[in-house]
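data_32.cif, holding mmCIF, C-alpha atoms and all ligand atoms:
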data_input
loop_
_atom_site.label_atom_id
_atom_site.label_comp_id
_atom_site.auth_asym_id
_atom_site.auth_seq_id
_atom_site.Cartn_x
_atom_site.Cartn_y
_atom_site.Cartn_z
CA MET A 1 0.46 6.01 1.14
CA LYS A 2 -1.35 4.20 3.91
CA ILE A 3 -1.49 0.45 4.40
CA GLY A 4 -3.75 -1.32 6.87
CA ILE A 5 -2.61 -4.61 8.39
CA VAL A 6 -5.55 -6.94 9.05
CA GLY A 7 -6.17 -10.58 9.87
CA LEU A 8 -7.73 -12.91 12.37
CA PRO A 9 -6.77 -12.53 16.05
CA GLN A 10 -3.29 -13.81 16.86
CA SER A 11 -2.29 -14.28 13.22
CA GLY A 12 0.79 -12.14 13.86
CA LYS A 13 -0.33 -8.71 12.66
CA SER A 14 1.63 -6.83 15.31
CA THR A 15 4.65 -9.03 14.65
CA ILE A 16 4.56 -8.19 10.93
CA PHE A 17 4.08 -4.53 11.86
CA ARG A 18 7.17 -4.76 14.06
CA ALA A 19 9.09 -6.42 11.22
CA ALA A 20 8.03 -3.64 8.86
CA ALA A 21 8.56 -0.74 11.21
CA GLY A 22 11.71 -1.90 13.06
CA GLN A 23 14.63 0.46 12.84
CA PHE A 24 13.15 2.30 9.87
CA ALA A 25 10.20 3.52 11.87
CA GLY A 26 9.91 7.24 12.17
CA HIS A 27 7.00 8.72 14.03
CA GLN A 28 4.90 6.13 15.88
CA GLU A 29 1.70 6.49 17.81
CA GLU A 30 -0.72 4.19 19.49
CA LYS A 31 -4.25 4.34 20.68
CA ALA A 32 -6.63 1.58 21.69
CA GLY A 33 -6.43 -1.11 19.05
CA VAL A 34 -4.42 0.93 16.53
CA ALA A 35 -0.68 1.40 16.13
CA ARG A 36 0.69 3.63 13.40
CA ALA A 37 4.21 3.87 12.04
CA VAL A 38 5.64 5.97 9.27
CA VAL A 39 8.27 3.84 7.59
CA LYS A 40 11.02 5.17 5.34
CA VAL A 41 11.19 3.30 2.07
CA PRO A 42 14.74 2.02 1.63
CA ASP A 43 16.04 2.85 -1.86
CA GLU A 44 19.64 2.16 -2.83
CA ARG A 45 19.49 4.81 -5.52
CA LEU A 46 19.16 7.67 -3.02
CA PRO A 47 22.66 7.58 -1.50
CA VAL A 48 24.06 7.43 -5.04
CA LEU A 49 22.11 10.55 -5.99
CA GLN A 50 23.17 12.27 -2.78
CA LYS A 51 26.80 11.80 -3.85
CA ILE A 52 26.20 12.98 -7.42
CA PHE A 53 24.36 16.13 -6.31
CA GLY A 54 26.37 16.70 -3.11
CA SER A 55 23.06 16.88 -1.25
CA ALA A 56 23.06 17.65 2.47
CA LYS A 57 20.46 14.99 3.18
CA ILE A 58 18.33 12.18 1.81
CA THR A 59 14.55 12.27 1.95
CA PRO A 60 13.11 8.85 1.17
CA ALA A 61 9.52 8.10 0.30
CA THR A 62 7.44 7.00 3.28
CA VAL A 63 4.69 4.48 3.83
CA GLN A 64 2.33 4.55 6.74
CA TYR A 65 1.47 1.17 8.25
CA LEU A 66 -1.53 0.72 10.51
CA ASP A 67 -1.68 -2.25 12.86
CA LEU A 68 -5.28 -2.91 13.78
CA SER A 69 -6.39 -5.31 16.46
CA PHE A 70 -9.99 -6.25 15.85
CA ASP A 71 -12.04 -9.13 14.58
CA LEU A 72 -14.12 -8.43 11.48
CA ARG A 73 -16.35 -11.38 12.38
CA GLU A 74 -17.62 -9.35 15.35
CA ARG A 75 -19.16 -6.73 13.10
CA GLU A 76 -22.54 -7.39 14.64
CA SER A 77 -21.80 -8.69 18.14
CA ARG A 78 -19.37 -5.87 18.94
CA GLN A 79 -20.65 -3.33 16.50
CA LYS A 80 -19.45 -0.11 18.10
CA GLU A 81 -15.86 -1.20 18.67
CA THR A 82 -15.60 -2.88 15.27
CA GLU A 83 -17.01 0.20 13.52
CA ARG A 84 -14.54 2.45 15.33
CA LEU A 85 -11.57 0.41 14.10
CA LEU A 86 -13.07 -0.12 10.66
CA ASN A 87 -13.21 3.65 10.33
CA GLU A 88 -9.48 3.80 11.04
CA LEU A 89 -8.96 1.25 8.29
CA ARG A 90 -11.21 2.86 5.67
CA PRO A 91 -8.75 5.53 4.45
CA ALA A 92 -6.07 2.89 3.78
CA ASP A 93 -4.91 2.67 0.15
CA ALA A 94 -4.25 -1.06 0.38
CA LEU A 95 -4.61 -3.97 2.78
CA VAL A 96 -2.03 -6.41 4.05
CA LEU A 97 -3.76 -9.57 5.24
CA VAL A 98 -1.72 -11.66 7.68
CA VAL A 99 -2.49 -15.38 7.94
CA ARG A 100 -0.94 -17.68 10.55
CA ASN A 101 1.42 -20.41 9.40
CA PHE A 102 2.85 -21.38 12.79
CA GLU A 103 1.62 -23.39 15.72
CA LEU A 104 -0.08 -21.27 18.37
CA ALA A 105 -0.46 -22.82 21.83
CA GLY A 106 -0.98 -26.25 20.33
CA LEU A 107 -3.30 -25.03 17.58
CA PRO A 108 -2.02 -26.18 14.18
CA PRO A 109 -1.95 -23.54 11.44
CA ASP A 110 -4.62 -23.38 8.75
CA PRO A 111 -3.68 -20.37 6.64
CA GLN A 112 -6.07 -21.28 3.81
CA ALA A 113 -9.05 -21.27 6.18
CA GLU A 114 -7.96 -17.91 7.62
CA LEU A 115 -7.57 -16.43 4.16
CA ASP A 116 -10.98 -17.73 3.04
CA THR A 117 -12.63 -16.43 6.20
CA MET A 118 -11.17 -12.95 5.83
CA HIS A 119 -11.97 -12.81 2.12
CA GLU A 120 -15.57 -13.65 2.96
CA GLU A 121 -15.67 -11.03 5.73
CA PHE A 122 -14.47 -8.30 3.36
CA ILE A 123 -17.22 -9.27 0.94
CA LEU A 124 -19.95 -9.46 3.58
CA SER A 125 -18.92 -6.14 5.08
CA ASP A 126 -19.07 -4.46 1.64
CA LEU A 127 -22.32 -6.18 0.72
CA ALA A 128 -24.00 -4.89 3.88
CA ILE A 129 -23.07 -1.32 2.89
CA VAL A 130 -24.16 -1.76 -0.73
CA GLU A 131 -27.53 -3.24 0.21
CA ARG A 132 -28.31 -0.60 2.80
CA ARG A 133 -27.48 2.18 0.37
CA LEU A 134 -29.31 0.61 -2.58
CA GLU A 135 -32.41 0.11 -0.52
CA ARG A 136 -32.45 3.78 0.41
CA LEU A 137 -31.76 4.99 -3.14
CA GLU A 138 -34.37 2.71 -4.70
CA LYS A 139 -36.96 3.87 -2.21
CA GLU A 140 -36.04 7.47 -2.97
CA ALA A 141 -36.34 6.78 -6.71
CA ARG A 142 -39.80 5.23 -6.30
CA LYS A 143 -40.93 8.35 -4.49
CA GLY A 144 -39.75 10.33 -7.50
CA GLY A 145 -36.78 11.79 -5.63
CA ASP A 146 -33.67 13.16 -7.28
CA VAL A 147 -31.29 10.17 -7.34
CA ASN A 148 -28.07 9.61 -9.20
CA GLU A 149 -28.83 6.88 -11.76
CA GLN A 150 -25.16 6.15 -12.24
CA GLU A 151 -24.70 5.55 -8.54
CA ILE A 152 -27.55 3.05 -8.53
CA GLU A 153 -26.14 1.32 -11.57
CA GLU A 154 -22.67 1.04 -10.06
CA LEU A 155 -24.00 -0.19 -6.74
CA ARG A 156 -26.01 -2.88 -8.55
CA LEU A 157 -22.90 -3.95 -10.40
CA ALA A 158 -21.09 -4.08 -7.06
CA ARG A 159 -23.87 -6.13 -5.52
CA ALA A 160 -23.78 -8.66 -8.35
CA LEU A 161 -20.04 -9.13 -7.93
CA LEU A 162 -20.22 -9.44 -4.16
CA GLU A 163 -23.12 -11.86 -4.29
CA ALA A 164 -20.99 -14.03 -6.57
CA GLY A 165 -18.28 -13.92 -3.88
CA ARG A 166 -15.97 -11.72 -5.97
CA PRO A 167 -14.00 -8.72 -4.67
CA LEU A 168 -14.84 -5.28 -6.09
CA ARG A 169 -11.25 -4.64 -7.18
CA VAL A 170 -11.70 -6.98 -10.19
CA GLU A 171 -13.91 -4.40 -11.91
CA PRO A 172 -11.94 -1.38 -13.19
CA ARG A 173 -15.14 0.62 -13.63
CA LEU A 174 -15.85 0.34 -9.91
CA ARG A 175 -12.24 0.85 -8.90
CA GLN A 176 -12.07 4.09 -10.85
CA SER A 177 -15.52 5.35 -9.96
CA PRO A 178 -15.46 8.76 -8.24
CA ILE A 179 -18.96 8.08 -6.89
CA LEU A 180 -17.93 4.92 -5.09
CA ARG A 181 -14.78 6.37 -3.58
CA GLY A 182 -16.65 7.72 -0.59
CA TYR A 183 -17.87 4.26 0.35
CA THR A 184 -14.31 3.09 1.09
CA PHE A 185 -15.12 -0.55 0.43
CA LEU A 186 -12.67 -3.14 1.74
CA SER A 187 -12.71 -5.58 -1.18
CA ILE A 188 -11.99 -2.76 -3.64
CA LYS A 189 -8.55 -2.15 -2.12
CA PRO A 190 -5.46 -3.86 -3.51
CA LEU A 191 -4.67 -6.88 -1.32
CA LEU A 192 -1.38 -8.43 -0.30
CA VAL A 193 -1.48 -11.66 1.68
CA VAL A 194 1.37 -12.27 4.12
CA LEU A 195 1.88 -15.94 4.90
CA ASN A 196 3.36 -15.48 8.36
CA THR A 197 5.54 -18.54 8.59
CA GLY A 198 7.06 -19.85 11.81
CA GLU A 199 10.66 -20.89 12.30
CA GLU A 200 9.72 -24.56 12.20
CA ASN A 201 7.16 -24.34 9.41
CA GLU A 202 7.40 -24.58 5.66
CA PRO A 203 5.58 -22.18 3.33
CA VAL A 204 2.39 -23.75 1.93
CA GLU A 205 0.54 -23.25 -1.35
CA LEU A 206 -2.48 -20.96 -1.04
CA ARG A 207 -5.48 -20.56 -3.33
CA LEU A 208 -5.65 -16.79 -3.57
CA PRO A 209 -8.73 -14.64 -4.21
CA GLU A 210 -8.73 -12.79 -7.53
CA GLU A 211 -6.14 -10.04 -8.04
CA THR A 212 -4.28 -10.77 -4.83
CA SER A 213 -0.52 -10.92 -4.26
CA LEU A 214 1.33 -13.15 -1.85
CA VAL A 215 4.51 -12.83 0.13
CA VAL A 216 6.03 -15.29 2.61
CA ILE A 217 7.54 -13.70 5.72
CA ARG A 218 9.04 -15.37 8.77
CA GLY A 219 7.38 -12.87 11.03
CA ARG A 220 8.89 -13.39 14.43
CA LEU A 221 12.37 -13.93 13.08
CA GLU A 222 12.13 -10.81 10.92
CA ALA A 223 10.67 -8.75 13.74
CA ASP A 224 13.62 -9.70 15.96
CA LEU A 225 16.11 -8.96 13.16
CA ALA A 226 14.46 -5.61 12.44
CA GLU A 227 15.29 -4.47 15.94
CA MET A 228 18.96 -5.49 15.83
CA PRO A 229 21.81 -3.31 14.57
CA PRO A 230 21.89 -3.84 10.76
CA GLU A 231 25.34 -5.50 10.66
CA GLU A 232 24.32 -8.01 13.30
CA ALA A 233 21.04 -8.73 11.54
CA GLU A 234 22.97 -9.38 8.32
CA VAL A 235 24.99 -12.14 10.00
CA PHE A 236 21.84 -13.85 11.26
CA ARG A 237 20.17 -13.41 7.92
CA GLU A 238 22.94 -15.36 6.19
CA GLU A 239 22.91 -18.04 8.84
CA TYR A 240 19.18 -18.63 8.41
CA GLY A 241 19.37 -18.37 4.63
CA LEU A 242 16.88 -15.49 4.61
CA LYS A 243 16.94 -13.54 1.38
CA GLU A 244 15.38 -10.11 1.14
CA ALA A 245 14.57 -8.52 4.51
CA ALA A 246 10.89 -8.26 5.38
CA LEU A 247 10.67 -4.49 5.22
CA PRO A 248 12.05 -3.89 1.71
CA LEU A 249 10.05 -6.90 0.51
CA LEU A 250 6.81 -5.61 2.03
CA VAL A 251 7.39 -2.12 0.70
CA ARG A 252 8.29 -3.37 -2.77
CA LYS A 253 5.15 -5.53 -2.86
CA SER A 254 3.08 -2.65 -1.52
CA PHE A 255 4.35 -0.43 -4.35
CA GLU A 256 3.55 -3.23 -6.81
CA ILE A 257 -0.05 -3.74 -5.73
CA LEU A 258 -0.62 0.01 -5.65
CA ASP A 259 1.12 0.36 -9.01
CA LEU A 260 3.38 3.12 -7.71
CA ILE A 261 6.73 4.23 -9.09
CA CYS A 262 9.30 6.77 -7.85
CA PHE A 263 10.94 9.69 -9.53
CA PHE A 264 13.81 11.62 -7.97
CA THR A 265 14.93 15.16 -7.45
CA GLY A 266 18.45 16.14 -6.49
CA GLY A 267 20.08 19.33 -5.33
CA GLU A 268 22.27 20.88 -2.66
CA LYS A 269 19.57 20.56 -0.05
CA GLU A 270 18.36 17.02 -0.58
CA ALA A 271 18.18 13.96 -2.77
CA ARG A 272 14.57 12.89 -2.65
CA ALA A 273 12.24 10.14 -3.82
CA TRP A 274 8.68 10.99 -4.88
CA PRO A 275 6.16 8.17 -5.20
CA ILE A 276 3.47 8.60 -7.88
CA PRO A 277 0.98 6.28 -9.59
CA ARG A 278 2.35 4.67 -12.75
CA GLY A 279 1.17 6.59 -15.79
CA THR A 280 1.37 10.02 -14.12
CA ARG A 281 2.18 12.84 -16.56
CA ALA A 282 5.01 15.31 -15.97
CA GLN A 283 2.77 18.24 -15.06
CA GLN A 284 0.84 16.26 -12.45
CA ALA A 285 4.08 14.80 -11.11
CA ALA A 286 5.34 18.36 -10.58
CA GLY A 287 2.24 18.94 -8.47
CA THR A 288 3.32 16.31 -5.97
CA ILE A 289 6.27 18.58 -5.15
CA HIS A 290 4.38 21.86 -5.12
CA SER A 291 1.09 23.10 -6.55
CA ASP A 292 2.91 26.15 -8.02
CA MET A 293 5.12 23.82 -10.03
CA GLU A 294 2.06 22.20 -11.55
CA ARG A 295 0.27 25.47 -12.18
CA GLY A 296 3.28 27.22 -13.70
CA PHE A 297 4.74 24.14 -15.39
CA ILE A 298 7.01 24.96 -18.34
CA ARG A 299 8.98 21.76 -18.92
CA ALA A 300 10.72 18.87 -17.23
CA GLU A 301 14.41 18.13 -17.60
CA VAL A 302 14.66 14.37 -17.37
CA ILE A 303 17.43 11.81 -17.18
CA PRO A 304 17.01 8.17 -16.13
CA PHE A 305 18.90 7.27 -12.95
CA GLU A 306 21.18 4.70 -14.68
CA GLU A 307 22.26 7.15 -17.39
CA LEU A 308 23.04 9.81 -14.83
CA VAL A 309 25.13 7.35 -12.81
CA ALA A 310 26.99 6.21 -15.92
CA LEU A 311 27.91 9.82 -16.77
CA GLY A 312 28.86 10.65 -13.19
CA SER A 313 27.50 14.18 -12.88
CA TYR A 314 24.58 16.32 -13.97
CA GLN A 315 26.91 18.69 -15.86
CA ALA A 316 28.46 15.77 -17.74
CA ALA A 317 24.99 14.51 -18.60
CA GLN A 318 23.99 17.92 -19.92
CA LYS A 319 27.17 18.17 -21.95
CA ALA A 320 26.56 14.75 -23.45
CA GLY A 321 23.07 15.87 -24.40
CA LYS A 322 21.52 13.15 -22.24
CA VAL A 323 19.22 15.42 -20.27
CA ARG A 324 15.94 15.40 -22.22
CA LEU A 325 13.43 18.23 -22.31
CA GLU A 326 9.94 16.89 -21.83
CA GLY A 327 6.54 18.57 -22.00
CA LYS A 328 3.56 18.36 -19.65
CA ASP A 329 2.23 15.12 -21.17
CA TYR A 330 5.41 13.10 -20.76
CA GLU A 331 4.69 9.91 -18.82
CA VAL A 332 7.14 9.84 -15.92
CA GLN A 333 9.11 6.58 -15.59
CA ASP A 334 10.41 4.85 -12.48
CA GLY A 335 13.90 6.16 -11.70
CA ASP A 336 13.61 9.39 -13.70
CA VAL A 337 15.71 12.17 -12.19
CA ILE A 338 13.81 15.38 -12.88
CA ILE A 339 14.24 19.12 -12.65
CA PHE A 340 10.97 20.98 -13.23
CA ARG A 341 11.06 24.42 -14.83
CA PHE A 342 8.10 26.57 -13.90
CA SER A 343 7.04 30.16 -13.48
CA VAL A 344 4.20 31.62 -11.46
N1 LIG B 1 6.45 -19.23 16.26
C1 LIG B 1 6.04 -18.07 15.80
N2 LIG B 1 5.23 -17.33 16.56
C2 LIG B 1 4.81 -16.15 16.06
C3 LIG B 1 5.20 -15.67 14.78
N3 LIG B 1 4.63 -14.48 14.58
C4 LIG B 1 3.88 -14.23 15.68
N4 LIG B 1 4.00 -15.22 16.57
C5 LIG B 1 3.38 -15.30 17.91
O1 LIG B 1 1.97 -15.33 17.78
C6 LIG B 1 1.36 -14.56 18.81
C7 LIG B 1 0.48 -13.50 18.22
O2 LIG B 1 1.27 -12.55 17.54
P1 LIG B 1 0.82 -11.04 17.37
O3 LIG B 1 1.77 -10.40 16.43
O4 LIG B 1 0.60 -10.39 18.66
O5 LIG B 1 -0.58 -11.28 16.66
P2 LIG B 1 -1.72 -10.22 16.37
O6 LIG B 1 -2.38 -10.67 15.10
O7 LIG B 1 -1.20 -8.85 16.41
O8 LIG B 1 -2.68 -10.48 17.58
P3 LIG B 1 -3.94 -9.58 18.03
O9 LIG B 1 -3.60 -8.15 17.78
O10 LIG B 1 -4.12 -9.91 19.47
O11 LIG B 1 -5.06 -10.07 17.20
C8 LIG B 1 2.49 -14.00 19.65
O12 LIG B 1 2.68 -14.82 20.75
C9 LIG B 1 3.67 -14.06 18.71
O13 LIG B 1 4.90 -14.18 19.40
C10 LIG B 1 6.10 -16.48 14.03
O14 LIG B 1 6.53 -16.13 12.91
N5 LIG B 1 6.48 -17.65 14.57
MG MG B 2 -1.84 -7.14 17.50
#

Please rewrite the model in this file as structure tokens.
Amino acid sequence: MKIGIVGLPQSGKSTIFRAAAGQFAGHQEEKAGVARAVVKVPDERLPVLQKIFGSAKITPATVQYLDLSFDLRERESRQKETERLLNELRPADALVLVVRNFELAGLPPDPQAELDTMHEEFILSDLAIVERRLERLEKEARKGGDVNEQEIEELRLARALLEAGRPLRVEPRLRQSPILRGYTFLSIKPLLVVLNTGEENEPVELRLPEETSLVVIRGRLEADLAEMPPEEAEVFREEYGLKEAALPLLVRKSFEILDLICFFTGGEKEARAWPIPRGTRAQQAAGTIHSDMERGFIRAEVIPFEELVALGSYQAAQKAGKVRLEGKDYEVQDGDVIIFRFSV
């Protein structure tokens, strides 16, 4: 899972990135205008599973965050540079939009204006692509060329939405369209707004675009805490009355907007979390572990995390008849602990 952090210049994107990456950051890399960090998703259930299965290690789910420093409003004036960074952003599964809610060198915050500006930029950027493509396809069609009618129809639907100032993600037909996937529109991606609130500022009410989530983060404070030893950070956290740390909060919200859940596997080698889209069937879920498991799927042995913990061990769960046998069409639930039986 890949999440792109965007916003106006100096809104605190890199600060939020630092708060998210912090001590959980694994591999990091940087090139001009882009920083990347693979962040381990903290999950309290994993150490419990490690104990139950006597696993040598824990393998958490990971999220990749991209910190991009560019100004979407310069799409035309600095086309080449903006395009280069936009192309880094295109594969992202979701966007985190950071808006400034702190004073910057005497400039008072106006998070609503920043949010509205960025929302508009996403729409304009998508509209430019839709119009260019439609023009070409319609010309082709007039010449009697072989064009995909469905593509034209979907692009027209997209244009109508965008012209009305609405993001593409509101239309399930467009969101699920295999034809449109290649266009990697910005307004089609799930969107989480981060109200980056300064130490001296209060959170403000925001009018959000359609199908958008919001989270308030005290960016600089959280970024500093993220780089302290955990015990020390905890002390500060209590002092400042900060509730959930920025990273777990961001990750939880990211999972929510992407509609992801986790199932687990446990064994001698590792206790591991596997993120999948909600609604995934058992056979497909097996495929996230290994394609052989999907191909040769026989059945899934399933027990919800809580039931396993209550019984204390896998053997006890089996004895109590609590390990269910499920077929390929079983819809995997968040927290399911699964052993897949397969043969190839
Ligand atoms: N007071 C306060 N300052 C902050 C906060 N978050 C960021 N800043 C400051 O705002 C400035 C910009 O922060 P960055 O994180 O670099 O912003 P950015 O969006 O990455 O900036 P560019 O990549 O240059 O567009 C820095 O001086 C930060 O220290 C905050 O929560 N409170
Ligand atoms: Mg930056």

Pick out the residues sitting within 8 Å of stretch 2-13 of chain A, and hand them over as a short mmCIF file (atom, residue, chain, number, x, y, z; two decimals) with C-alpha atoms, in the coordinates of the input; count only C-alpha atoms, and ignore anything fewer than 3 positions along from it in its own chain.
data_model
loop_
_atom_site.label_atom_id
_atom_site.label_comp_id
_atom_site.auth_asym_id
_atom_site.auth_seq_id
_atom_site.Cartn_x
_atom_site.Cartn_y
_atom_site.Cartn_z
CA ILE A 16 4.56 -8.19 10.93
CA PHE A 17 4.08 -4.53 11.86
CA VAL A 63 4.69 4.48 3.83
CA GLN A 64 2.33 4.55 6.74
CA TYR A 65 1.47 1.17 8.25
CA LEU A 66 -1.53 0.72 10.51
CA ASP A 67 -1.68 -2.25 12.86
CA LEU A 68 -5.28 -2.91 13.78
CA SER A 69 -6.39 -5.31 16.46
CA PHE A 70 -9.99 -6.25 15.85
CA ASP A 71 -12.04 -9.13 14.58
CA LEU A 72 -14.12 -8.43 11.48
CA LEU A 89 -8.96 1.25 8.29
CA PRO A 91 -8.75 5.53 4.45
CA ALA A 92 -6.07 2.89 3.78
CA ASP A 93 -4.91 2.67 0.15
CA ALA A 94 -4.25 -1.06 0.38
CA LEU A 95 -4.61 -3.97 2.78
CA VAL A 96 -2.03 -6.41 4.05
CA LEU A 97 -3.76 -9.57 5.24
CA VAL A 98 -1.72 -11.66 7.68
CA VAL A 99 -2.49 -15.38 7.94
CA ARG A 100 -0.94 -17.68 10.55
CA GLU A 114 -7.96 -17.91 7.62
CA MET A 118 -11.17 -12.95 5.83
CA ASN A 196 3.36 -15.48 8.36
CA GLY A 219 7.38 -12.87 11.03
#

*Write out as a list of chain:residue names which residues come within 7 Å of A:Val344 when counting all atoms listed in the file, dropping same-chain ones fewer than 2 positions away.*
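Answer for this query is A:Asp292, A:Gly296, A:Phe342.
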
Once you have the residues from the selection above, write them out as an mmCIF file, in the coordinates of the input, restricted to C-alpha atoms.
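Result went into selection-v5.cif, see below:
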data_model
loop_
_atom_site.group_PDB
_atom_site.id
_atom_site.type_symbol
_atom_site.label_atom_id
_atom_site.label_comp_id
_atom_site.auth_asym_id
_atom_site.auth_seq_id
_atom_site.Cartn_x
_atom_site.Cartn_y
_atom_site.Cartn_z
ATOM 1 C CA ASP A 292 2.910 26.150 -8.020
ATOM 2 C CA GLY A 296 3.280 27.220 -13.700
ATOM 3 C CA PHE A 342 8.100 26.570 -13.900
#

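The environment of stretch 57-59 of chain A within 6 Å, counting only C-alpha atoms and disregarding residues fewer than 3 places along the same chain, consists of Glu270, Ala271 and Arg272 of chain A.
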
_Spatial neighbours of A:Ser177, 10 Å, only C-alpha atoms, chain gap at least 5 places, as a list in words_ = Gln150, Glu151, Glu154, Pro172 and Gly182 of chain A

*For atom CA of A:Ser125 and atom CA of A:Asn87, quote the distance in Å rounded to one decimal.*
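That distance, rounded to one decimal, is 12.5 Å.
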
*Distance criterion (only C-alpha atoms and all ligand atoms): nearest to ligand LIG 1 (chain B) out of A:Phe102, A:Phe340, A:Tyr183, A:Phe53*: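 Going through A:Phe102, A:Phe340, A:Tyr183, A:Phe53 one by one, the smallest distance to ligand LIG 1 (chain B) is for A:Phe102.
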
*Within 6 Å of A:Ala300, counting all atoms listed in the file, which residues show up once you throw out same-chain ones fewer than 6 positions away? Write them as a ChimeraX atom specification, please.*
/A:325-326,339-340

_Within 9 Å of (4.8, 11.6, -1.2) (file coordinates; all atoms listed in the file), which protein or nucleic acid residues are there? I'd like them as a ChimeraX atom specification._
/A:1,61-63,273-276,288-289

*Rounded to one decimal place, report the atom CA of A:Ile188-atom CA of A:Ser254 distance in Å.*
15.2 Å

*Go ahead and compute the interatomic distance for atom CA of A:Leu258 and atom CA of A:His290, in Å to one decimal.*
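Separating atom CA of A:Leu258 from atom CA of A:His290 is a distance of 22.4 Å.
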
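Each of A:Pro190, A:Pro42, A:Gly144, A:Pro304 was checked against A:Arg169 using only C-alpha atoms; the smallest atom-to-atom distance is that of A:Pro190.
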
*Looking at all atoms listed in the file, which of A:Gly287, A:Gly312, A:Gly279, A:Pro167 is the one that sits closest to A:Gln333?*
A:Gly279

Using the partial input, fill out stretch 76-89 of chain A with N, CA and C atoms; write the result as a JSON list (two decimals), keeping the file's coordinate frame.
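selection.json, freshly written:
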[["chain", "number", "residue", "atom", "x", "y", "z"],
["A", 76, "GLU", "N", -21.21, -7.56, 14.04],
["A", 76, "GLU", "CA", -22.54, -7.39, 14.64],
["A", 76, "GLU", "C", -22.53, -7.52, 16.17],
["A", 77, "SER", "N", -21.78, -8.48, 16.69],
["A", 77, "SER", "CA", -21.80, -8.69, 18.14],
["A", 77, "SER", "C", -21.08, -7.57, 18.90],
["A", 78, "ARG", "N", -20.06, -6.98, 18.27],
["A", 78, "ARG", "CA", -19.37, -5.87, 18.94],
["A", 78, "ARG", "C", -19.31, -4.70, 17.97],
["A", 79, "GLN", "N", -20.51, -4.27, 17.60],
["A", 79, "GLN", "CA", -20.65, -3.33, 16.50],
["A", 79, "GLN", "C", -19.87, -2.03, 16.69],
["A", 80, "LYS", "N", -20.01, -1.44, 17.89],
["A", 80, "LYS", "CA", -19.45, -0.11, 18.10],
["A", 80, "LYS", "C", -17.92, -0.12, 17.98],
["A", 81, "GLU", "N", -17.31, -1.07, 18.68],
["A", 81, "GLU", "CA", -15.86, -1.20, 18.67],
["A", 81, "GLU", "C", -15.35, -1.55, 17.27],
["A", 82, "THR", "N", -16.03, -2.48, 16.61],
["A", 82, "THR", "CA", -15.60, -2.88, 15.27],
["A", 82, "THR", "C", -15.73, -1.71, 14.30],
["A", 83, "GLU", "N", -16.82, -0.96, 14.39],
["A", 83, "GLU", "CA", -17.01, 0.20, 13.52],
["A", 83, "GLU", "C", -15.91, 1.24, 13.74],
["A", 84, "ARG", "N", -15.57, 1.45, 15.01],
["A", 84, "ARG", "CA", -14.54, 2.45, 15.33],
["A", 84, "ARG", "C", -13.23, 2.09, 14.63],
["A", 85, "LEU", "N", -12.84, 0.81, 14.71],
["A", 85, "LEU", "CA", -11.57, 0.41, 14.10],
["A", 85, "LEU", "C", -11.68, 0.30, 12.59],
["A", 86, "LEU", "N", -12.86, -0.10, 12.11],
["A", 86, "LEU", "CA", -13.07, -0.12, 10.66],
["A", 86, "LEU", "C", -12.89, 1.28, 10.08],
["A", 87, "ASN", "N", -13.35, 2.28, 10.82],
["A", 87, "ASN", "CA", -13.21, 3.65, 10.33],
["A", 87, "ASN", "C", -11.76, 4.09, 10.25],
["A", 88, "GLU", "N", -10.92, 3.53, 11.12],
["A", 88, "GLU", "CA", -9.48, 3.80, 11.04],
["A", 88, "GLU", "C", -8.91, 3.17, 9.77],
["A", 89, "LEU", "N", -9.47, 2.03, 9.42],
["A", 89, "LEU", "CA", -8.96, 1.25, 8.29],
["A", 89, "LEU", "C", -9.43, 1.82, 6.94]]
